[in-house]
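Source file: input25.txt (compact mmCIF, C-alpha atoms)
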# COMPACT_ATOMS: atom_id res chain seq x y z
CA MET A 1 0.00 0.00 0.00
CA ASP A 2 1.17 3.51 -0.76
CA SER A 3 1.30 5.35 2.58
CA SER A 4 1.56 8.71 0.78
CA ASN A 5 -2.02 8.17 -0.44
CA PRO A 6 -4.46 10.01 1.93
CA SER A 7 -7.07 7.24 1.64
CA TYR A 8 -4.51 4.88 3.19
CA TRP A 9 -4.57 6.90 6.39
CA ILE A 10 -8.35 7.40 6.41
CA TYR A 11 -8.73 3.65 6.98
CA THR A 12 -5.49 2.92 8.81
CA LEU A 13 -5.75 5.51 11.58
CA PRO A 14 -9.16 4.45 13.03
CA ASN A 15 -8.23 0.79 12.54
CA PHE A 16 -4.97 1.37 14.39
CA ALA A 17 -6.75 3.24 17.20
CA LEU A 18 -9.25 0.40 17.64
CA ALA A 19 -6.41 -2.15 17.56
CA VAL A 20 -4.57 -0.24 20.30
CA VAL A 21 -7.67 -0.29 22.52
CA MET A 22 -8.30 -3.96 21.66
CA TYR A 23 -4.81 -5.08 22.67
CA THR A 24 -4.84 -2.82 25.73
CA MET A 25 -8.09 -4.49 26.78
CA LEU A 26 -6.35 -7.87 26.53
CA GLY A 27 -3.40 -6.44 28.45
CA ARG A 28 -5.77 -5.25 31.17
CA VAL A 29 -7.18 -8.77 31.51
CA LEU A 30 -3.70 -10.29 31.76
CA LEU A 31 -2.44 -7.61 34.16
CA SER A 32 -5.49 -8.09 36.39
CA LEU A 33 -4.09 -11.53 37.23
CA PHE A 34 -1.16 -9.84 38.97
CA VAL A 35 -2.36 -6.49 40.35
CA ASP A 36 -5.31 -5.38 42.47
CA ALA A 37 -8.21 -3.48 40.95
CA ASP A 38 -7.29 -0.33 42.92
CA SER A 39 -3.55 -0.63 42.28
CA THR A 40 -1.59 2.57 41.73
CA ASN A 41 0.76 0.88 39.25
CA TYR A 42 1.14 3.35 36.38
CA ILE A 43 0.77 0.73 33.64
CA TRP A 44 -2.43 -0.54 35.23
CA ARG A 45 -3.78 3.00 35.57
CA PHE A 46 -2.93 3.73 31.94
CA PHE A 47 -4.69 0.55 30.79
CA CYS A 48 -7.75 1.44 32.88
CA ARG A 49 -7.84 5.05 31.69
CA LEU A 50 -7.62 4.03 28.04
CA THR A 51 -10.17 1.22 28.17
CA ASP A 52 -12.68 2.52 30.76
CA PRO A 53 -14.79 4.53 28.24
CA PHE A 54 -15.17 1.45 26.05
CA VAL A 55 -15.86 -0.79 29.04
CA ALA A 56 -18.65 1.58 30.10
CA VAL A 57 -20.30 1.26 26.68
CA PHE A 58 -19.87 -2.52 26.47
CA SER A 59 -21.12 -3.08 30.01
CA TYR A 60 -24.34 -1.33 29.01
CA VAL A 61 -25.11 -4.20 26.61
CA THR A 62 -23.75 -6.95 28.85
CA PRO A 63 -25.93 -8.62 31.49
CA LYS A 64 -25.04 -7.68 35.05
CA ALA A 65 -24.27 -11.31 35.91
CA ALA A 66 -21.00 -10.96 33.98
CA PRO A 67 -18.10 -10.01 36.32
CA PRO A 68 -15.75 -7.16 35.26
CA VAL A 69 -13.06 -9.43 33.81
CA ILE A 70 -15.64 -11.06 31.53
CA VAL A 71 -16.79 -7.60 30.38
CA TRP A 72 -13.15 -6.78 29.53
CA LEU A 73 -12.83 -10.02 27.55
CA PHE A 74 -16.13 -9.29 25.82
CA GLY A 75 -14.73 -5.83 25.08
CA PHE A 76 -11.74 -7.41 23.34
CA VAL A 77 -14.11 -9.45 21.12
CA TRP A 78 -16.39 -6.43 20.55
CA LEU A 79 -13.42 -4.39 19.35
CA PHE A 80 -12.28 -7.17 17.04
CA TRP A 81 -15.71 -7.35 15.37
CA LEU A 82 -15.88 -3.54 15.26
CA ARG A 83 -12.62 -3.61 13.28
CA VAL A 84 -14.19 -6.16 10.92
CA GLY A 85 -17.19 -3.84 10.57
CA LEU A 86 -14.89 -0.89 9.91
CA LEU A 87 -13.07 -2.87 7.23
CA TYR A 88 -16.36 -3.65 5.47
CA LEU A 89 -17.58 -0.07 5.83
CA PHE A 90 -14.48 1.21 4.07
CA LEU A 91 -14.63 -1.59 1.49
CA MET A 92 -18.23 -0.60 0.63
CA MET A 93 -17.19 3.05 0.32
CA GLY A 94 -14.25 2.02 -1.86
CA ALA A 95 -11.89 3.79 0.51
CA ILE A 96 -9.48 0.88 0.99
CA PRO A 97 -6.38 1.56 -1.09
CA LYS A 98 -5.48 -1.15 -3.62
CA THR A 99 -2.33 -3.16 -3.04
CA GLY A 100 0.42 -3.67 -5.59
CA MET B 1 -33.12 -22.96 38.56
CA ASN B 2 -29.59 -22.64 39.92
CA ARG B 3 -27.75 -19.73 38.23
CA ASN B 4 -24.78 -21.96 37.44
CA PHE B 5 -26.97 -24.04 35.12
CA PHE B 6 -27.74 -20.90 33.13
CA PHE B 7 -24.04 -20.15 32.76
CA ILE B 8 -23.25 -23.77 31.82
CA GLY B 9 -26.01 -23.72 29.20
CA ILE B 10 -24.90 -20.37 27.76
CA ALA B 11 -21.27 -21.55 27.56
CA PHE B 12 -22.38 -24.87 26.04
CA PHE B 13 -24.36 -23.23 23.23
CA GLY B 14 -21.55 -20.76 22.60
CA MET B 15 -19.05 -23.60 22.39
CA VAL B 16 -21.25 -25.58 19.98
CA ASN B 17 -21.60 -22.57 17.70
CA GLY B 18 -17.87 -21.87 17.88
CA ILE B 19 -16.97 -25.41 16.86
CA PHE B 20 -19.71 -26.42 14.43
CA ASN B 21 -20.79 -23.21 12.66
CA GLN B 22 -18.51 -23.66 9.67
CA ILE B 23 -19.53 -20.50 7.81
CA ALA B 24 -19.03 -18.27 10.83
CA ILE B 25 -15.66 -19.88 11.63
CA LEU B 26 -14.47 -19.43 8.04
CA PHE B 27 -15.60 -15.78 8.11
CA ALA B 28 -13.78 -15.23 11.42
CA LEU B 29 -10.68 -17.10 10.20
CA ILE B 30 -10.26 -14.84 7.18
CA HIS B 31 -10.58 -11.71 9.28
CA VAL B 32 -8.34 -12.91 12.10
CA GLN B 33 -5.61 -13.49 9.52
CA VAL B 34 -6.09 -9.95 8.23
CA LEU B 35 -6.64 -8.05 11.48
CA ALA B 36 -4.68 -9.92 14.18
CA PRO B 37 -1.90 -11.89 12.50
CA ALA B 38 0.84 -11.02 14.98
CA LEU B 39 -1.22 -12.14 17.97
CA LEU B 40 -1.01 -15.81 16.93
CA PHE B 41 2.61 -16.02 15.69
CA GLY B 42 1.41 -16.97 12.18
CA SER B 43 0.33 -20.42 13.39
CA THR B 44 -2.62 -21.82 11.40
CA GLY B 45 -3.74 -24.05 14.25
CA LEU B 46 -3.74 -21.20 16.75
CA THR B 47 -5.53 -18.94 14.25
CA LEU B 48 -8.26 -21.56 13.77
CA MET B 49 -8.72 -21.97 17.52
CA PHE B 50 -8.77 -18.21 18.01
CA SER B 51 -11.40 -17.87 15.25
CA SER B 52 -13.52 -20.51 16.94
CA LEU B 53 -13.20 -18.58 20.22
CA MET B 54 -14.22 -15.35 18.49
CA VAL B 55 -17.38 -17.00 17.12
CA SER B 56 -18.24 -18.58 20.48
CA THR B 57 -17.79 -15.32 22.35
CA ALA B 58 -19.64 -13.31 19.71
CA THR B 59 -22.60 -15.70 20.09
CA ILE B 60 -22.69 -15.15 23.84
CA ILE B 61 -22.23 -11.38 23.47
CA LEU B 62 -25.01 -11.02 20.88
CA ALA B 63 -27.43 -13.09 22.95
CA GLY B 64 -26.55 -11.00 26.00
CA ILE B 65 -27.65 -7.72 24.37
CA PRO B 66 -31.45 -8.28 24.70
CA ALA B 67 -30.92 -9.67 28.20
CA ALA B 68 -28.94 -6.58 29.23
CA LEU B 69 -31.49 -4.23 27.69
CA TYR B 70 -34.26 -6.05 29.53
CA GLU B 71 -32.35 -5.55 32.78
CA ARG B 72 -32.01 -1.82 32.11
CA PHE B 73 -35.66 -1.33 31.33
CA SER B 74 -36.93 -3.57 34.14
CA GLY B 75 -34.81 -1.65 36.65
CA ALA B 76 -32.53 -4.47 37.77
CA THR B 77 -29.72 -2.65 39.58
CA ASP B 78 -27.36 -5.13 41.23
CA ASP B 79 -27.53 -8.42 39.40
CA SER B 80 -29.23 -10.30 36.59
CA THR B 81 -32.71 -11.64 37.18
CA PRO B 82 -33.89 -15.18 36.29
CA VAL B 83 -35.88 -13.68 33.40
CA SER B 84 -32.84 -11.97 31.91
CA LEU B 85 -30.80 -15.15 32.31
CA TRP B 86 -33.55 -17.07 30.48
CA ILE B 87 -33.43 -14.46 27.70
CA TRP B 88 -29.65 -14.84 27.50
CA LEU B 89 -29.86 -18.65 27.42
CA THR B 90 -32.64 -18.67 24.83
CA GLY B 91 -30.74 -16.15 22.69
CA THR B 92 -27.60 -18.30 22.63
CA ALA B 93 -29.72 -21.38 21.81
CA LEU B 94 -31.38 -19.56 18.89
CA LEU B 95 -28.06 -18.27 17.55
CA THR B 96 -26.68 -21.81 17.75
CA LEU B 97 -29.46 -23.31 15.60
CA PRO B 98 -27.42 -23.14 12.33
CA ALA B 99 -24.71 -25.24 13.97
CA MET B 100 -27.04 -27.76 15.60
CA GLY B 101 -27.23 -29.96 12.48
CA ASN B 102 -23.48 -30.51 12.47
CA PHE B 103 -23.40 -30.93 16.24
CA LEU B 104 -26.08 -33.63 16.19
CA GLU B 105 -24.41 -35.37 13.26
CA TYR B 106 -20.86 -35.46 14.63
CA GLY B 107 -21.32 -34.95 18.38
CA LEU B 108 -18.49 -33.99 20.71

Render the structure in this file as structure tokens.
Amino acid sequence: MDSSNPSYWIYTLPNFALAVVMYTMLGRVLLSLFVDADSTNYIWRFFCRLTDPFVAVFSYVTPKAAPPVIVWLFGFVWLFWLRVGLLYLFLMMGAIPKTG
Amino acid sequence: MNRNFFFIGIAFFGMVNGIFNQIAILFALIHVQVLAPALLFGSTGLTLMFSSLMVSTATIILAGIPAALYERFSGATDDSTPVSLWIWLTGTALLTLPAMGNFLEYGL
């Protein structure tokens, strides 16, 4: 792909942002095995700060029986399927740059 | 009914859909290879298992949406109610219907 093409960045930037949140969500799940929920560890706080807005949205459509760690894992899967949806949205708009 | 039976049933239906829904797994497999290749070290086996997990979890998540909305509108504040758990279980069972043919044919 030609990164000098503006349409490359129109798709890549939101996809990259969602990927960052998706992997951070997974990191939060893994880190929760080692640190307390109210830990002051700066990595933990960064993970929480980045993912909390998404967790709030996903917990709205998740039954209350699901504990927080399950909501985080659901959030990881939500973000993966959102990236698939984004890919199809841009494919339908013809905004995905051609390769080669 | 004991709440654990709800969770076992929901996980069971999700697992069946994740293993036996061939179209959904193929769809997930293609997109996992495109969107998360580095996560699985390029291993085909791991990618297939991860795709299956994505389908299973998506089944449970989708079925949980009406249950969660019911909880919001019925005013459940602390925990799920038996009605919402029934909605969740029924939703996963309905979403698993396309995979039930393969499940009954091959079994676990």

Report task. Compile the residues of chain B that lie within 8 Å of chain A, evaluated using all atoms listed in the file, and express the compilation as a list of chain:residue names. Result ->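 Putting it all together, I get B:His31, B:Leu35, B:Met54, B:Thr57, B:Ala58, B:Ile61, B:Gly64, B:Ile65, B:Pro66, B:Ala67, B:Ala68, B:Leu69, B:Glu71, B:Asp78, B:Asp79, B:Ser80, B:Ser84.
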
Could you write those residues out with C-alpha atoms, as a PDB file, keeping the file's coordinate frame?
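Result went into part.pdb, see below:
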ATOM      1  CA  HIS B  31     -10.580 -11.710   9.280  1.00  0.00           C
ATOM      2  CA  LEU B  35      -6.640  -8.050  11.480  1.00  0.00           C
ATOM      3  CA  MET B  54     -14.220 -15.350  18.490  1.00  0.00           C
ATOM      4  CA  THR B  57     -17.790 -15.320  22.350  1.00  0.00           C
ATOM      5  CA  ALA B  58     -19.640 -13.310  19.710  1.00  0.00           C
ATOM      6  CA  ILE B  61     -22.230 -11.380  23.470  1.00  0.00           C
ATOM      7  CA  GLY B  64     -26.550 -11.000  26.000  1.00  0.00           C
ATOM      8  CA  ILE B  65     -27.650  -7.720  24.370  1.00  0.00           C
ATOM      9  CA  PRO B  66     -31.450  -8.280  24.700  1.00  0.00           C
ATOM     10  CA  ALA B  67     -30.920  -9.670  28.200  1.00  0.00           C
ATOM     11  CA  ALA B  68     -28.940  -6.580  29.230  1.00  0.00           C
ATOM     12  CA  LEU B  69     -31.490  -4.230  27.690  1.00  0.00           C
ATOM     13  CA  GLU B  71     -32.350  -5.550  32.780  1.00  0.00           C
ATOM     14  CA  ASP B  78     -27.360  -5.130  41.230  1.00  0.00           C
ATOM     15  CA  ASP B  79     -27.530  -8.420  39.400  1.00  0.00           C
ATOM     16  CA  SER B  80     -29.230 -10.300  36.590  1.00  0.00           C
ATOM     17  CA  SER B  84     -32.840 -11.970  31.910  1.00  0.00           C
TER      18      SER B  84
END

Requested in this report: Mind giving me the straight-line distance from CA of Pro53 (chain A) to CA of Leu33 (chain A) in Å, one decimal?
Outcome: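 That distance, rounded to one decimal, is 21.3 Å.
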
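From CA of Leu53 (chain B) back to CA of Gly18 (chain B), the distance works out to 6.2 Å.
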
Report task. Point out the residue among A:Met92, A:Leu31, A:Leu86, A:Leu79 with the least atom-to-atom distance to Phe46 (chain A), counting all atoms listed in the file. Result -> A:Leu31

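Here the question is which of A:Thr12, A:Ser39, A:Thr24, A:Ser7 gets nearest to Trp72 (chain A) using all atoms listed in the file, and that residue is A:Thr24.
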
Listed atoms of region 58-63 of chain B boxed axis-aligned with 5 Å per side, centre + edges as lines of an AutoDock Vina configuration file:
center_x = -23.5
center_y = -13.4
center_z = 21.8
size_x = 17.8
size_y = 14.7
size_z = 14.1

**Report entry** CA of Met93 (chain A) to CA of Leu18 (chain A), distance in Å rounded to a single decimal
**Finding:** 19.2 Å

Hey, could you patch up region 51-63 of chain A with N, CA and C atoms and hand it over as a PDB file, keeping the file's coordinate frame?
ATOM      1  N   THR A  51      -9.098   2.158  28.520  1.00  0.00           N
ATOM      2  CA  THR A  51     -10.170   1.220  28.170  1.00  0.00           C
ATOM      3  C   THR A  51     -11.495   1.505  28.896  1.00  0.00           C
ATOM      4  N   ASP A  52     -11.460   2.284  29.977  1.00  0.00           N
ATOM      5  CA  ASP A  52     -12.680   2.520  30.760  1.00  0.00           C
ATOM      6  C   ASP A  52     -13.861   3.067  29.934  1.00  0.00           C
ATOM      7  N   PRO A  53     -13.637   4.045  29.023  1.00  0.00           N
ATOM      8  CA  PRO A  53     -14.790   4.530  28.240  1.00  0.00           C
ATOM      9  C   PRO A  53     -15.440   3.431  27.405  1.00  0.00           C
ATOM     10  N   PHE A  54     -14.630   2.551  26.859  1.00  0.00           N
ATOM     11  CA  PHE A  54     -15.170   1.450  26.050  1.00  0.00           C
ATOM     12  C   PHE A  54     -15.864   0.426  26.946  1.00  0.00           C
ATOM     13  N   VAL A  55     -15.258   0.163  28.100  1.00  0.00           N
ATOM     14  CA  VAL A  55     -15.860  -0.790  29.040  1.00  0.00           C
ATOM     15  C   VAL A  55     -17.235  -0.299  29.477  1.00  0.00           C
ATOM     16  N   ALA A  56     -17.350   1.019  29.682  1.00  0.00           N
ATOM     17  CA  ALA A  56     -18.650   1.580  30.100  1.00  0.00           C
ATOM     18  C   ALA A  56     -19.713   1.332  29.033  1.00  0.00           C
ATOM     19  N   VAL A  57     -19.336   1.488  27.769  1.00  0.00           N
ATOM     20  CA  VAL A  57     -20.300   1.260  26.680  1.00  0.00           C
ATOM     21  C   VAL A  57     -20.650  -0.223  26.577  1.00  0.00           C
ATOM     22  N   PHE A  58     -19.625  -1.075  26.624  1.00  0.00           N
ATOM     23  CA  PHE A  58     -19.870  -2.520  26.470  1.00  0.00           C
ATOM     24  C   PHE A  58     -20.632  -3.083  27.660  1.00  0.00           C
ATOM     25  N   SER A  59     -20.398  -2.549  28.844  1.00  0.00           N
ATOM     26  CA  SER A  59     -21.120  -3.080  30.010  1.00  0.00           C
ATOM     27  C   SER A  59     -22.592  -2.723  29.958  1.00  0.00           C
ATOM     28  N   TYR A  60     -22.919  -1.683  29.167  1.00  0.00           N
ATOM     29  CA  TYR A  60     -24.340  -1.330  29.010  1.00  0.00           C
ATOM     30  C   TYR A  60     -25.101  -2.429  28.279  1.00  0.00           C
ATOM     31  N   VAL A  61     -24.440  -3.139  27.380  1.00  0.00           N
ATOM     32  CA  VAL A  61     -25.110  -4.200  26.610  1.00  0.00           C
ATOM     33  C   VAL A  61     -24.651  -5.590  27.056  1.00  0.00           C
ATOM     34  N   THR A  62     -24.135  -5.656  28.287  1.00  0.00           N
ATOM     35  CA  THR A  62     -23.750  -6.950  28.850  1.00  0.00           C
ATOM     36  C   THR A  62     -24.563  -7.178  30.120  1.00  0.00           C
ATOM     37  N   PRO A  63     -25.155  -8.362  30.264  1.00  0.00           N
ATOM     38  CA  PRO A  63     -25.930  -8.620  31.490  1.00  0.00           C
ATOM     39  C   PRO A  63     -25.097  -8.435  32.752  1.00  0.00           C
TER      40      PRO A  63
END
